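The file run-v6.cif contains mmCIF, C-alpha atoms (C1' of nucleotides):
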```cif
data_run
loop_
_atom_site.label_atom_id
_atom_site.label_comp_id
_atom_site.auth_asym_id
_atom_site.auth_seq_id
_atom_site.Cartn_x
_atom_site.Cartn_y
_atom_site.Cartn_z
CA MET A 18 -30.61 -5.02 3.14
CA ALA A 19 -29.38 -1.48 3.22
CA THR A 20 -28.78 -1.37 -0.51
CA LYS A 21 -32.55 -1.16 -1.00
CA GLU A 22 -32.38 2.41 0.24
CA ASN A 23 -31.38 5.07 -2.20
CA PRO A 24 -27.95 6.71 -2.04
CA GLY A 25 -29.27 9.99 -0.65
CA GLU A 26 -30.92 8.25 2.29
CA ILE A 27 -27.80 6.22 3.00
CA LEU A 28 -25.56 9.29 2.97
CA HIS A 29 -27.93 11.08 5.31
CA LYS A 30 -28.02 8.11 7.68
CA TYR A 31 -24.24 8.12 7.92
CA GLY A 32 -24.07 11.86 8.65
CA LEU A 33 -22.75 12.80 5.22
CA LYS A 34 -24.01 15.76 3.26
CA VAL A 35 -25.74 14.75 0.06
CA THR A 36 -23.75 16.01 -2.93
CA ALA A 37 -23.68 14.98 -6.57
CA THR A 38 -20.21 13.41 -6.41
CA ARG A 39 -20.99 11.47 -3.24
CA ILE A 40 -24.15 10.03 -4.78
CA ARG A 41 -22.28 8.94 -7.86
CA VAL A 42 -19.44 7.35 -5.90
CA LEU A 43 -21.85 5.57 -3.57
CA ASP A 44 -23.88 4.34 -6.52
CA VAL A 45 -20.79 2.77 -8.06
CA LEU A 46 -19.93 1.07 -4.76
CA ILE A 47 -23.46 -0.26 -4.29
CA ASN A 48 -23.37 -1.86 -7.72
CA SER A 49 -20.00 -3.55 -7.29
CA PRO A 50 -19.57 -7.01 -5.78
CA VAL A 51 -15.87 -6.30 -5.22
CA ALA A 52 -13.81 -3.64 -3.51
CA LEU A 53 -12.88 -0.77 -5.85
CA SER A 54 -9.86 1.48 -6.13
CA HIS A 55 -9.97 5.22 -6.62
CA SER A 56 -9.11 4.76 -10.29
CA ASP A 57 -11.73 2.00 -10.70
CA ILE A 58 -14.34 4.43 -9.40
CA ILE A 59 -13.17 7.29 -11.62
CA GLY A 60 -13.31 4.89 -14.57
CA LEU A 61 -16.80 3.65 -13.75
CA ILE A 62 -18.18 7.15 -13.31
CA ASP A 63 -16.50 8.02 -16.62
CA ASP A 64 -17.01 11.76 -16.57
CA PRO A 65 -14.06 14.05 -17.33
CA MET A 66 -15.64 16.69 -15.10
CA ILE A 67 -15.25 14.55 -12.00
CA ASP A 68 -12.43 15.78 -9.77
CA LYS A 69 -9.95 13.20 -8.50
CA VAL A 70 -9.29 15.05 -5.25
CA THR A 71 -13.00 15.22 -4.50
CA VAL A 72 -13.25 11.47 -4.99
CA TYR A 73 -10.29 10.89 -2.66
CA ARG A 74 -11.95 13.08 -0.05
CA THR A 75 -15.30 11.40 -0.62
CA LEU A 76 -13.80 7.98 0.00
CA ASN A 77 -12.04 9.19 3.12
CA ALA A 78 -15.28 10.70 4.40
CA PHE A 79 -17.17 7.46 3.71
CA THR A 80 -14.55 5.50 5.62
CA THR A 81 -14.41 7.92 8.56
CA GLN A 82 -18.18 7.70 8.90
CA GLY A 83 -18.18 3.92 8.78
CA LEU A 84 -20.04 3.62 5.50
CA THR A 85 -17.08 1.97 3.78
CA HIS A 86 -13.87 0.31 4.82
CA LYS A 87 -10.62 0.17 2.93
CA VAL A 88 -8.28 -2.70 2.20
CA ALA A 89 -4.94 -2.66 0.41
CA ASN A 90 -4.64 -4.81 -2.70
CA GLU A 91 -1.55 -6.70 -3.82
CA ASP A 92 -0.23 -3.54 -5.47
CA ARG A 93 -0.74 -1.73 -2.18
CA ASN A 94 -3.38 0.62 -3.50
CA TRP A 95 -6.44 1.29 -1.36
CA LEU A 96 -9.65 -0.45 -2.35
CA TYR A 97 -12.99 0.60 -0.89
CA ALA A 98 -16.08 -1.46 -0.16
CA LEU A 99 -19.36 -0.85 1.61
CA TYR A 100 -19.54 -2.36 5.07
CA PHE A 101 -23.07 -3.63 4.58
CA HIS A 102 -22.39 -5.74 1.50
CA ASN A 103 -22.65 -9.51 1.98
CA SER A 104 -24.28 -9.29 5.38
CA ASN A 105 -27.40 -7.98 6.97
CA GLN A 106 -25.79 -6.27 9.89
CA PRO A 107 -22.92 -3.78 9.73
CA ALA A 108 -19.59 -5.54 9.73
CA THR A 109 -16.35 -4.38 11.27
CA SER A 110 -12.89 -5.02 9.93
CA ASP A 111 -12.56 -7.72 12.59
CA ASP A 112 -15.39 -9.95 11.53
CA HIS A 113 -14.98 -10.49 7.84
CA ALA A 114 -12.23 -11.74 5.58
CA HIS A 115 -10.91 -10.64 2.21
CA PHE A 116 -10.76 -13.03 -0.70
CA ILE A 117 -8.16 -12.09 -3.32
CA CYS A 118 -8.55 -13.76 -6.72
CA ARG A 119 -5.14 -14.61 -8.08
CA GLN A 120 -6.42 -14.37 -11.65
CA CYS A 121 -8.49 -11.19 -11.83
CA GLU A 122 -6.89 -9.77 -8.66
CA ARG A 123 -10.26 -8.53 -7.46
CA ILE A 124 -10.92 -8.47 -3.75
CA TYR A 125 -14.20 -9.72 -2.28
CA CYS A 126 -15.25 -8.95 1.29
CA MET A 127 -16.44 -12.24 2.75
CA PRO A 128 -18.65 -12.86 5.77
CA ILE A 129 -17.32 -15.03 8.58
CA THR A 130 -17.44 -18.69 7.73
CA SER A 131 -15.38 -21.76 8.34
CA MET A 132 -13.02 -20.44 5.66
CA ASN A 133 -12.09 -17.77 8.10
CA PRO A 134 -11.30 -19.23 11.50
CA LYS A 135 -10.35 -16.98 14.37
CA PRO A 136 -7.13 -17.59 16.32
CA ASP A 137 -7.91 -19.97 19.16
CA VAL A 138 -5.53 -18.33 21.57
CA ARG A 139 -5.40 -14.75 22.83
CA GLU A 140 -1.73 -14.72 23.77
CA ILE A 141 1.36 -16.62 22.76
CA GLY A 142 4.98 -16.04 23.70
CA GLY A 143 4.23 -12.54 24.98
CA PHE A 144 2.35 -11.54 21.82
CA VAL A 145 -1.18 -10.44 22.83
CA ILE A 146 -3.73 -10.81 20.05
CA THR A 147 -6.50 -8.24 19.76
CA SER A 148 -7.77 -8.79 16.22
CA HIS A 149 -6.89 -10.51 13.01
CA GLU A 150 -7.23 -9.94 9.30
CA HIS A 151 -7.55 -12.92 7.06
CA ARG A 152 -6.43 -12.50 3.47
CA ILE A 153 -7.49 -15.54 1.50
CA HIS A 154 -5.96 -16.19 -1.92
CA GLY A 155 -7.54 -18.35 -4.58
CA VAL A 156 -9.77 -18.27 -7.63
CA CYS A 157 -13.14 -16.56 -7.61
CA PRO A 158 -16.35 -17.99 -9.18
CA GLU A 159 -16.04 -15.69 -12.20
CA CYS A 160 -12.56 -16.98 -13.05
CA HIS A 161 -13.28 -20.67 -13.53
CA MET B 1 20.17 -21.95 11.89
CA ALA B 2 21.20 -20.28 8.67
CA THR B 3 22.10 -17.03 10.42
CA LYS B 4 25.24 -18.74 11.75
CA GLU B 5 26.71 -18.46 8.26
CA ASN B 6 28.29 -15.19 7.27
CA PRO B 7 26.54 -12.82 4.83
CA GLY B 8 28.93 -13.61 1.98
CA GLU B 9 28.22 -17.34 2.20
CA ILE B 10 24.49 -16.73 2.35
CA LEU B 11 24.53 -14.46 -0.71
CA HIS B 12 26.53 -17.03 -2.63
CA LYS B 13 24.16 -19.82 -1.62
CA TYR B 14 21.20 -17.83 -2.99
CA GLY B 15 22.92 -17.14 -6.31
CA LEU B 16 23.62 -13.49 -5.56
CA LYS B 17 26.92 -11.81 -6.33
CA VAL B 18 28.71 -10.64 -3.22
CA THR B 19 28.95 -6.86 -3.16
CA ALA B 20 29.52 -4.37 -0.36
CA THR B 21 25.96 -3.01 -0.35
CA ARG B 22 24.40 -6.48 -0.38
CA ILE B 23 26.49 -7.55 2.59
CA ARG B 24 25.51 -4.47 4.55
CA VAL B 25 21.81 -4.85 3.76
CA LEU B 26 21.84 -8.55 4.60
CA ASP B 27 23.68 -7.87 7.83
CA VAL B 28 20.98 -5.41 8.91
CA LEU B 29 18.25 -7.96 8.09
CA ILE B 30 20.03 -10.75 9.99
CA ASN B 31 20.21 -8.60 13.09
CA SER B 32 16.58 -7.50 13.07
CA PRO B 33 13.81 -9.49 14.76
CA VAL B 34 11.22 -7.59 12.72
CA ALA B 35 10.58 -6.88 9.06
CA LEU B 36 12.29 -3.68 7.86
CA SER B 37 11.35 -1.03 5.32
CA HIS B 38 13.70 0.43 2.75
CA SER B 39 14.02 3.55 4.86
CA ASP B 40 14.58 1.52 8.04
CA ILE B 41 17.48 -0.19 6.31
CA ILE B 42 18.95 3.05 4.98
CA GLY B 43 18.68 4.46 8.50
CA LEU B 44 20.34 1.46 10.12
CA ILE B 45 23.22 1.43 7.65
CA ASP B 46 23.55 5.16 8.29
CA ASP B 47 26.04 6.00 5.59
CA PRO B 48 25.36 8.98 3.30
CA MET B 49 27.28 7.22 0.54
CA ILE B 50 24.72 4.41 0.32
CA ASP B 51 22.52 4.72 -2.76
CA LYS B 52 18.77 4.35 -2.29
CA VAL B 53 18.21 2.84 -5.73
CA THR B 54 20.86 0.22 -5.10
CA VAL B 55 19.12 -0.73 -1.87
CA TYR B 56 15.76 -1.00 -3.67
CA ARG B 57 17.38 -3.24 -6.27
CA THR B 58 19.17 -5.24 -3.61
CA LEU B 59 15.91 -5.92 -1.79
CA ASN B 60 14.21 -6.92 -5.05
CA ALA B 61 17.08 -9.27 -5.87
CA PHE B 62 16.92 -10.84 -2.39
CA THR B 63 13.19 -11.40 -2.80
CA THR B 64 13.45 -12.80 -6.32
CA GLN B 65 16.07 -15.27 -5.15
CA GLY B 66 13.98 -16.37 -2.18
CA LEU B 67 16.31 -15.02 0.47
CA THR B 68 13.73 -12.54 1.76
CA HIS B 69 10.02 -12.03 1.44
CA LYS B 70 8.13 -8.78 1.54
CA VAL B 71 5.02 -7.78 3.41
CA ALA B 72 3.12 -4.50 3.26
CA ASN B 73 2.75 -2.60 6.53
CA GLU B 74 -0.25 -0.55 7.62
CA ASP B 75 1.07 2.42 5.64
CA ARG B 76 1.34 0.17 2.61
CA ASN B 77 5.11 0.36 2.38
CA TRP B 78 7.06 -2.82 1.72
CA LEU B 79 8.84 -4.41 4.63
CA TYR B 80 11.46 -7.10 4.07
CA ALA B 81 12.38 -10.05 6.25
CA LEU B 82 14.59 -13.08 5.86
CA TYR B 83 12.70 -16.27 5.13
CA PHE B 84 14.81 -18.31 7.50
CA HIS B 85 14.15 -16.23 10.60
CA ASN B 86 12.02 -17.92 13.28
CA SER B 87 12.17 -21.34 11.74
CA ASN B 88 14.68 -23.98 10.86
CA GLN B 89 13.39 -24.72 7.41
CA PRO B 90 12.70 -22.14 4.70
CA ALA B 91 9.20 -20.74 4.95
CA THR B 92 6.95 -19.63 2.16
CA SER B 93 4.46 -16.78 2.28
CA ASP B 94 1.78 -19.43 2.64
CA ASP B 95 2.85 -20.97 5.87
CA HIS B 96 3.56 -18.22 8.28
CA ALA B 97 1.66 -15.31 9.74
CA HIS B 98 2.50 -11.68 10.37
CA PHE B 99 2.04 -10.12 13.76
CA ILE B 100 1.52 -6.35 13.64
CA CYS B 101 2.04 -4.50 16.93
CA ARG B 102 -0.54 -1.74 17.24
CA GLN B 103 1.80 0.29 19.43
CA CYS B 104 5.20 0.20 17.75
CA GLU B 105 3.71 -0.86 14.38
CA ARG B 106 6.54 -3.32 13.87
CA ILE B 107 5.78 -6.52 11.99
CA TYR B 108 7.04 -9.90 13.19
CA CYS B 109 7.01 -12.95 10.95
CA MET B 110 5.57 -15.77 13.04
CA PRO B 111 5.84 -19.50 12.57
CA ILE B 112 2.67 -21.54 12.28
CA THR B 113 0.99 -22.05 15.61
CA SER B 114 -2.49 -22.24 17.00
CA MET B 115 -2.61 -18.44 16.69
CA ASN B 116 -2.65 -18.96 12.99
CA PRO B 117 -5.25 -21.54 11.99
CA LYS B 118 -5.64 -22.53 8.37
CA PRO B 119 -9.04 -22.38 6.71
CA ASP B 120 -10.74 -25.75 7.24
CA VAL B 121 -12.39 -25.79 3.83
CA ARG B 122 -10.83 -25.60 0.37
CA GLU B 123 -13.85 -24.23 -1.44
CA ILE B 124 -16.95 -22.27 -0.49
CA GLY B 125 -19.64 -20.79 -2.71
CA GLY B 126 -17.47 -21.14 -5.80
CA PHE B 127 -14.44 -19.50 -4.18
CA VAL B 128 -11.51 -21.91 -4.35
CA ILE B 129 -8.91 -21.33 -1.66
CA THR B 130 -5.25 -21.91 -2.49
CA SER B 131 -3.46 -20.07 0.30
CA HIS B 132 -4.04 -17.62 3.05
CA GLU B 133 -2.21 -14.81 4.77
CA HIS B 134 -2.95 -14.15 8.39
CA ARG B 135 -2.35 -10.65 9.65
CA ILE B 136 -2.59 -10.67 13.41
CA HIS B 137 -2.92 -7.39 15.30
CA GLY B 138 -2.05 -6.93 18.94
CA VAL B 139 0.72 -5.87 21.27
CA CYS B 140 4.20 -7.31 21.05
CA PRO B 141 6.33 -8.39 24.04
CA GLU B 142 8.46 -5.23 23.83
CA CYS B 143 5.41 -2.95 24.19
CA HIS B 144 4.04 -4.12 27.54
"C1'" DA C 16 -38.42 31.12 0.44
"C1'" DA C 17 -34.36 33.38 2.00
"C1'" DC C 18 -30.41 33.40 5.32
"C1'" DA C 19 -26.26 32.17 7.40
"C1'" DC C 20 -23.28 28.75 9.06
"C1'" DT C 21 -20.45 25.33 7.85
"C1'" DA C 22 -18.82 21.70 5.01
"C1'" DA C 23 -17.57 20.28 0.31
"C1'" DT C 24 -15.47 21.33 -4.06
"C1'" DG C 25 -11.97 22.38 -7.66
"C1'" DC C 26 -7.56 23.72 -8.79
"C1'" DA C 27 -2.67 23.74 -8.33
"C1'" DA C 28 1.12 22.45 -5.96
"C1'" DC C 29 3.27 19.12 -3.23
"C1'" DA C 30 5.01 14.63 -0.94
"C1'" DA C 31 6.62 9.91 -0.58
"C1'" DA C 32 7.64 5.40 -2.41
"C1'" DG C 33 9.36 3.19 -5.85
"C1'" DT C 34 10.95 2.49 -10.99
"C1'" DT C 35 13.59 3.14 -15.34
"C1'" DG C 36 17.50 4.24 -18.50
"C1'" DC C 37 22.14 4.37 -19.12
"C1'" DA C 38 27.01 4.94 -18.65
"C1'" DA C 39 30.57 3.52 -15.40
"C1'" DT C 40 32.17 0.12 -12.28
"C1'" DG C 41 32.84 -4.34 -10.01
"C1'" DT C 42 32.48 -9.49 -9.55
"C1'" DC C 43 33.94 -13.93 -10.64
"C1'" DG C 44 34.79 -18.07 -13.47
"C1'" DG C 45 38.21 -19.54 -16.62
"C1'" DC D 18 44.76 -11.55 -15.08
"C1'" DC D 19 40.92 -11.03 -18.45
"C1'" DG D 20 36.58 -10.70 -20.32
"C1'" DA D 21 31.67 -11.34 -19.99
"C1'" DC D 22 28.05 -9.90 -17.65
"C1'" DA D 23 25.77 -8.24 -13.55
"C1'" DT D 24 25.62 -4.35 -10.37
"C1'" DT D 25 26.01 0.40 -9.22
"C1'" DG D 26 25.16 5.40 -9.05
"C1'" DC D 27 22.93 9.27 -10.84
"C1'" DA D 28 19.08 11.78 -12.70
"C1'" DA D 29 14.69 11.80 -14.29
"C1'" DC D 30 10.27 9.95 -13.97
"C1'" DT D 31 5.73 7.59 -12.42
"C1'" DT D 32 2.02 6.71 -9.42
"C1'" DT D 33 -0.77 7.34 -5.54
"C1'" DG D 34 -2.39 10.18 -2.48
"C1'" DT D 35 -2.39 14.75 0.36
"C1'" DT D 36 -2.59 19.83 1.48
"C1'" DG D 37 -3.85 24.80 1.14
"C1'" DC D 38 -7.03 27.96 -0.16
"C1'" DA D 39 -10.52 30.54 -2.45
"C1'" DT D 40 -15.12 29.47 -4.21
"C1'" DT D 41 -19.42 27.00 -4.14
"C1'" DA D 42 -23.12 24.38 -2.27
"C1'" DG D 43 -25.99 21.81 1.35
"C1'" DT D 44 -28.82 22.14 5.52
"C1'" DG D 45 -31.43 23.60 9.51
"C1'" DT D 46 -33.74 27.78 11.07
"C1'" DT D 47 -36.57 31.53 10.69
#
```
Mind turning this structure into structure tokens?
Amino acid sequence: MATKENPGEILHKYGLKVTATRIRVLDVLINSPVALSHSDIIGLIDDPMIDKVTVYRTLNAFTTQGLTHKVANEDRNWLYALYFHNSNQPATSDDHAHFICRQCERIYCMPITSMNPKPDVREIGGFVITSHEHRIHGVCPECH
Amino acid sequence: MATKENPGEILHKYGLKVTATRIRVLDVLINSPVALSHSDIIGLIDDPMIDKVTVYRTLNAFTTQGLTHKVANEDRNWLYALYFHNSNQPATSDDHAHFICRQCERIYCMPITSMNPKPDVREIGGFVITSHEHRIHGVCPECH
DNA sequence: AACACTAATGCAACAAAGTTGCAATGTCGG
DNA sequence: CCGACATTGCAACTTTGTTGCATTAGTGTT
């Protein structure tokens, strides 16, 4: 799995210049089982010298390059997660679901399973379906 | 269908005091086939005397009382829609889907159909599922 | 190892959506 | 019609995220 590589190699592979802030942000993402917000990441890095704008731009660069994807939480803040977590091959936003724990409010990116069925029609009443996003609410393993 | 009643009756039925702003906001929602943002509603009322804070509080009151529900759009702004649109019985957030047009970006609240399958398991890998929200992307009838 | 090209950073200022406090006003049951 | 209580309107504020720009740093080439 891609997380066996070190952050520098991963950044290079995704066409991103290797800088100190990017390594630290990527490291935090690699070590998280859940999607993280900008403020989560700032908190986990826990260094007053880190610049918030640089972290915003880092996350946007990661997402543009396809290293991460973003998903809005229930408070409508962006959360970021690596694409290659929970699967061996790169995922796209179309082929995984998001599990939102109603207790801890954390969001897990889930691989496709029977919990996440695709629509079985491609068109209905003039509405043409091209993709779907499944947001599954419940309680995560840590919360019970 | 509930939209045959007038706005005053509807407000009363949902335990909301009948005021001029509430009637105007409800009227805009009744006449829209899609979910509307705060700024959409302000624009449709088109009266410089309308107060934005009052409209925010009106929409929160509608949602608290179960007259409307809110859904975040792709820009993570809240959109509001009547619960009783597109169905005869009141819907909950659990049993309908949202169709997001990738061209006009409008969001339609859809009744349950085969486009919107429920997860066929209630638990997987320690994740207990209690509800799901289906966000379906595609092109709406107006855009092709 | 040094160079130069280009991208990334750090700082301040800004933007948009939405909330809060509070005095003034309006609604509605009795 | 009155009084209790909810709603309104205004200003100030909060939070999240973006933009502009001068400075700094990474990277491929020589």
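Those residues of chain A that fall within 10 Å of chain C when using all atoms listed in the file read Leu33, Lys34, Val35, Thr36, Thr38, Ile67, Asp68, Lys69, Val70, Thr71, Arg74 and Thr75 of chain A.
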When the cut-off is 9 Å and we count all atoms listed in the file, which residues of chain D are near chain A, given as a list in words?
DT33, DG34, DT35, DA42, DG43 and DT44 of chain D
Closest pair table for chain A residues within 6 Å of chain B, all atoms listed in the file, as JSON lines:
```
{"residue": "A:Arg93", "atom": "CA", "partner": "B:Arg76", "partner_atom": "CA", "distance": 5.6}
{"residue": "A:Met132", "atom": "CA", "partner": "B:Pro119", "partner_atom": "CA", "distance": 4.6}
{"residue": "A:Asn133", "atom": "CA", "partner": "B:Pro119", "partner_atom": "CA", "distance": 5.7}
{"residue": "A:Pro136", "atom": "CA", "partner": "B:Met115", "partner_atom": "CA", "distance": 4.6}
{"residue": "A:Val138", "atom": "CA", "partner": "B:Met115", "partner_atom": "CA", "distance": 5.7}
{"residue": "A:Gly143", "atom": "CA", "partner": "B:Pro141", "partner_atom": "CA", "distance": 4.7}
{"residue": "A:Phe144", "atom": "CA", "partner": "B:Cys140", "partner_atom": "CA", "distance": 4.7}
{"residue": "A:Val145", "atom": "CA", "partner": "B:Val139", "partner_atom": "CA", "distance": 5.2}
{"residue": "A:Ile146", "atom": "CA", "partner": "B:Gly138", "partner_atom": "CA", "distance": 4.4}
{"residue": "A:Thr147", "atom": "CA", "partner": "B:Gly138", "partner_atom": "CA", "distance": 4.7}
{"residue": "A:Ser148", "atom": "CA", "partner": "B:His137", "partner_atom": "CA", "distance": 5.1}
{"residue": "A:His149", "atom": "CA", "partner": "B:Ile136", "partner_atom": "CA", "distance": 4.3}
{"residue": "A:Glu150", "atom": "CA", "partner": "B:Arg135", "partner_atom": "CA", "distance": 4.9}
{"residue": "A:His151", "atom": "CA", "partner": "B:His134", "partner_atom": "CA", "distance": 4.9}
{"residue": "A:Arg152", "atom": "CA", "partner": "B:Glu133", "partner_atom": "CA", "distance": 5.0}
{"residue": "A:Ile153", "atom": "CA", "partner": "B:His132", "partner_atom": "CA", "distance": 4.3}
{"residue": "A:His154", "atom": "CA", "partner": "B:Ser131", "partner_atom": "CA", "distance": 5.1}
{"residue": "A:Gly155", "atom": "CA", "partner": "B:Ile129", "partner_atom": "CA", "distance": 4.4}
{"residue": "A:Val156", "atom": "CA", "partner": "B:Val128", "partner_atom": "CA", "distance": 5.2}
{"residue": "A:Cys157", "atom": "CA", "partner": "B:Phe127", "partner_atom": "CA", "distance": 4.7}
{"residue": "A:Pro158", "atom": "CA", "partner": "B:Gly126", "partner_atom": "CA", "distance": 4.8}
```
Applying 7 Å and only C-alpha atoms (C1' of nucleotides), which residues near region 23-27 of chain B remain after dropping the ones on its own chain fewer than 5 positions away? List them as a PyMOL selection string.
chain B and resi 7-8+18+41
Output, as a short mmCIF file (atom, residue, chain, number, x, y, z; two decimals) with C-alpha atoms, keeping the file's coordinate frame, the coordinates of chain B following least-squares superposition onto chain A across all in-order C-alpha pairs.
```
data_model
loop_
_atom_site.label_atom_id
_atom_site.label_comp_id
_atom_site.auth_asym_id
_atom_site.auth_seq_id
_atom_site.Cartn_x
_atom_site.Cartn_y
_atom_site.Cartn_z
CA MET B 1 -30.59 -5.09 3.16
CA ALA B 2 -29.38 -1.53 3.32
CA THR B 3 -28.77 -1.36 -0.42
CA LYS B 4 -32.54 -1.14 -0.92
CA GLU B 5 -32.37 2.45 0.30
CA ASN B 6 -31.38 5.10 -2.17
CA PRO B 7 -27.91 6.73 -2.03
CA GLY B 8 -29.25 10.01 -0.66
CA GLU B 9 -30.91 8.29 2.29
CA ILE B 10 -27.80 6.27 3.01
CA LEU B 11 -25.55 9.34 2.96
CA HIS B 12 -27.90 11.15 5.31
CA LYS B 13 -28.03 8.18 7.67
CA TYR B 14 -24.22 8.18 7.92
CA GLY B 15 -24.05 11.91 8.65
CA LEU B 16 -22.74 12.85 5.22
CA LYS B 17 -24.03 15.82 3.25
CA VAL B 18 -25.71 14.80 0.03
CA THR B 19 -23.75 16.05 -2.96
CA ALA B 20 -23.67 14.99 -6.59
CA THR B 21 -20.21 13.41 -6.43
CA ARG B 22 -21.00 11.48 -3.24
CA ILE B 23 -24.15 10.05 -4.78
CA ARG B 24 -22.28 8.94 -7.88
CA VAL B 25 -19.45 7.35 -5.90
CA LEU B 26 -21.85 5.58 -3.56
CA ASP B 27 -23.90 4.35 -6.49
CA VAL B 28 -20.80 2.76 -8.05
CA LEU B 29 -19.93 1.07 -4.73
CA ILE B 30 -23.48 -0.25 -4.26
CA ASN B 31 -23.39 -1.86 -7.67
CA SER B 32 -20.01 -3.55 -7.27
CA PRO B 33 -19.60 -7.01 -5.76
CA VAL B 34 -15.91 -6.32 -5.19
CA ALA B 35 -13.84 -3.65 -3.49
CA LEU B 36 -12.91 -0.78 -5.84
CA SER B 37 -9.87 1.46 -6.13
CA HIS B 38 -9.98 5.21 -6.61
CA SER B 39 -9.13 4.73 -10.26
CA ASP B 40 -11.73 1.98 -10.67
CA ILE B 41 -14.34 4.41 -9.39
CA ILE B 42 -13.17 7.25 -11.62
CA GLY B 43 -13.30 4.84 -14.55
CA LEU B 44 -16.79 3.60 -13.73
CA ILE B 45 -18.18 7.10 -13.31
CA ASP B 46 -16.51 7.95 -16.61
CA ASP B 47 -17.04 11.68 -16.60
CA PRO B 48 -14.08 13.98 -17.37
CA MET B 49 -15.65 16.63 -15.15
CA ILE B 50 -15.25 14.49 -12.02
CA ASP B 51 -12.42 15.72 -9.81
CA LYS B 52 -9.95 13.13 -8.52
CA VAL B 53 -9.28 14.99 -5.27
CA THR B 54 -12.98 15.19 -4.53
CA VAL B 55 -13.25 11.44 -5.01
CA TYR B 56 -10.29 10.85 -2.67
CA ARG B 57 -11.95 13.06 -0.07
CA THR B 58 -15.30 11.41 -0.63
CA LEU B 59 -13.81 7.97 -0.02
CA ASN B 60 -12.05 9.21 3.13
CA ALA B 61 -15.29 10.72 4.40
CA PHE B 62 -17.19 7.48 3.72
CA THR B 63 -14.56 5.53 5.63
CA THR B 64 -14.42 7.94 8.56
CA GLN B 65 -18.19 7.75 8.90
CA GLY B 66 -18.20 3.96 8.80
CA LEU B 67 -20.04 3.65 5.52
CA THR B 68 -17.09 1.98 3.79
CA HIS B 69 -13.90 0.30 4.84
CA LYS B 70 -10.65 0.16 2.95
CA VAL B 71 -8.33 -2.71 2.21
CA ALA B 72 -4.98 -2.65 0.44
CA ASN B 73 -4.67 -4.78 -2.69
CA GLU B 74 -1.58 -6.67 -3.84
CA ASP B 75 -0.24 -3.49 -5.45
CA ARG B 76 -0.76 -1.71 -2.15
CA ASN B 77 -3.42 0.65 -3.45
CA TRP B 78 -6.49 1.27 -1.32
CA LEU B 79 -9.68 -0.46 -2.33
CA TYR B 80 -13.02 0.61 -0.86
CA ALA B 81 -16.10 -1.46 -0.13
CA LEU B 82 -19.37 -0.85 1.64
CA TYR B 83 -19.53 -2.34 5.11
CA PHE B 84 -23.05 -3.61 4.64
CA HIS B 85 -22.37 -5.71 1.56
CA ASN B 86 -22.59 -9.49 2.08
CA SER B 87 -24.16 -9.28 5.49
CA ASN B 88 -27.28 -8.01 7.13
CA GLN B 89 -25.61 -6.32 10.04
CA PRO B 90 -22.74 -3.83 9.81
CA ALA B 91 -19.38 -5.55 9.80
CA THR B 92 -16.15 -4.33 11.26
CA SER B 93 -12.68 -4.94 9.87
CA ASP B 94 -12.29 -7.54 12.59
CA ASP B 95 -15.02 -9.89 11.61
CA HIS B 96 -14.76 -10.49 7.94
CA ALA B 97 -12.13 -11.78 5.56
CA HIS B 98 -10.90 -10.67 2.17
CA PHE B 99 -10.75 -13.05 -0.74
CA ILE B 100 -8.17 -12.09 -3.36
CA CYS B 101 -8.57 -13.75 -6.77
CA ARG B 102 -5.14 -14.58 -8.17
CA GLN B 103 -6.46 -14.32 -11.72
CA CYS B 104 -8.54 -11.15 -11.87
CA GLU B 105 -6.93 -9.73 -8.69
CA ARG B 106 -10.31 -8.51 -7.50
CA ILE B 107 -10.95 -8.48 -3.76
CA TYR B 108 -14.22 -9.74 -2.28
CA CYS B 109 -15.22 -8.98 1.29
CA MET B 110 -16.41 -12.26 2.76
CA PRO B 111 -18.59 -12.90 5.77
CA ILE B 112 -17.27 -15.09 8.55
CA THR B 113 -17.37 -18.75 7.67
CA SER B 114 -15.30 -21.83 8.22
CA MET B 115 -12.94 -20.48 5.54
CA ASN B 116 -12.01 -17.83 8.00
CA PRO B 117 -11.20 -19.32 11.40
CA LYS B 118 -10.30 -17.06 14.29
CA PRO B 119 -7.11 -17.65 16.24
CA ASP B 120 -7.93 -20.05 19.09
CA VAL B 121 -5.60 -18.38 21.57
CA ARG B 122 -5.56 -14.78 22.81
CA GLU B 123 -1.91 -14.67 23.79
CA ILE B 124 1.24 -16.53 22.83
CA GLY B 125 4.83 -15.88 23.84
CA GLY B 126 3.99 -12.40 25.08
CA PHE B 127 2.12 -11.43 21.91
CA VAL B 128 -1.41 -10.40 22.85
CA ILE B 129 -3.91 -10.83 20.04
CA THR B 130 -6.74 -8.32 19.70
CA SER B 131 -7.94 -8.88 16.15
CA HIS B 132 -6.99 -10.56 12.96
CA GLU B 133 -7.32 -9.99 9.25
CA HIS B 134 -7.56 -12.98 6.99
CA ARG B 135 -6.42 -12.53 3.43
CA ILE B 136 -7.46 -15.55 1.44
CA HIS B 137 -5.95 -16.17 -1.99
CA GLY B 138 -7.52 -18.34 -4.65
CA VAL B 139 -9.75 -18.24 -7.68
CA CYS B 140 -13.13 -16.57 -7.65
CA PRO B 141 -16.32 -18.00 -9.20
CA GLU B 142 -16.06 -15.66 -12.21
CA CYS B 143 -12.57 -16.95 -13.11
CA HIS B 144 -13.28 -20.65 -13.61
#
```
Could you tell me how far CA of Ala20 (chain B) lies from CA of Thr68 (chain B), in Å and to one decimal?
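So the answer is 17.9 Å.
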Two-atom distance - CA of Val72 (chain A), CA of Pro128 (chain A) (Å):
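Computing it gives 27.1 Å between the two atoms.
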5 Å per side around region 29-44 of chain D: axis-aligned box centre and edge lengths, as AutoDock Vina command-line options:
```
--center_x -7.1 --center_y 18.6 --center_z -4.4 --size_x 53.5 --size_y 33.8 --size_z 29.8
```
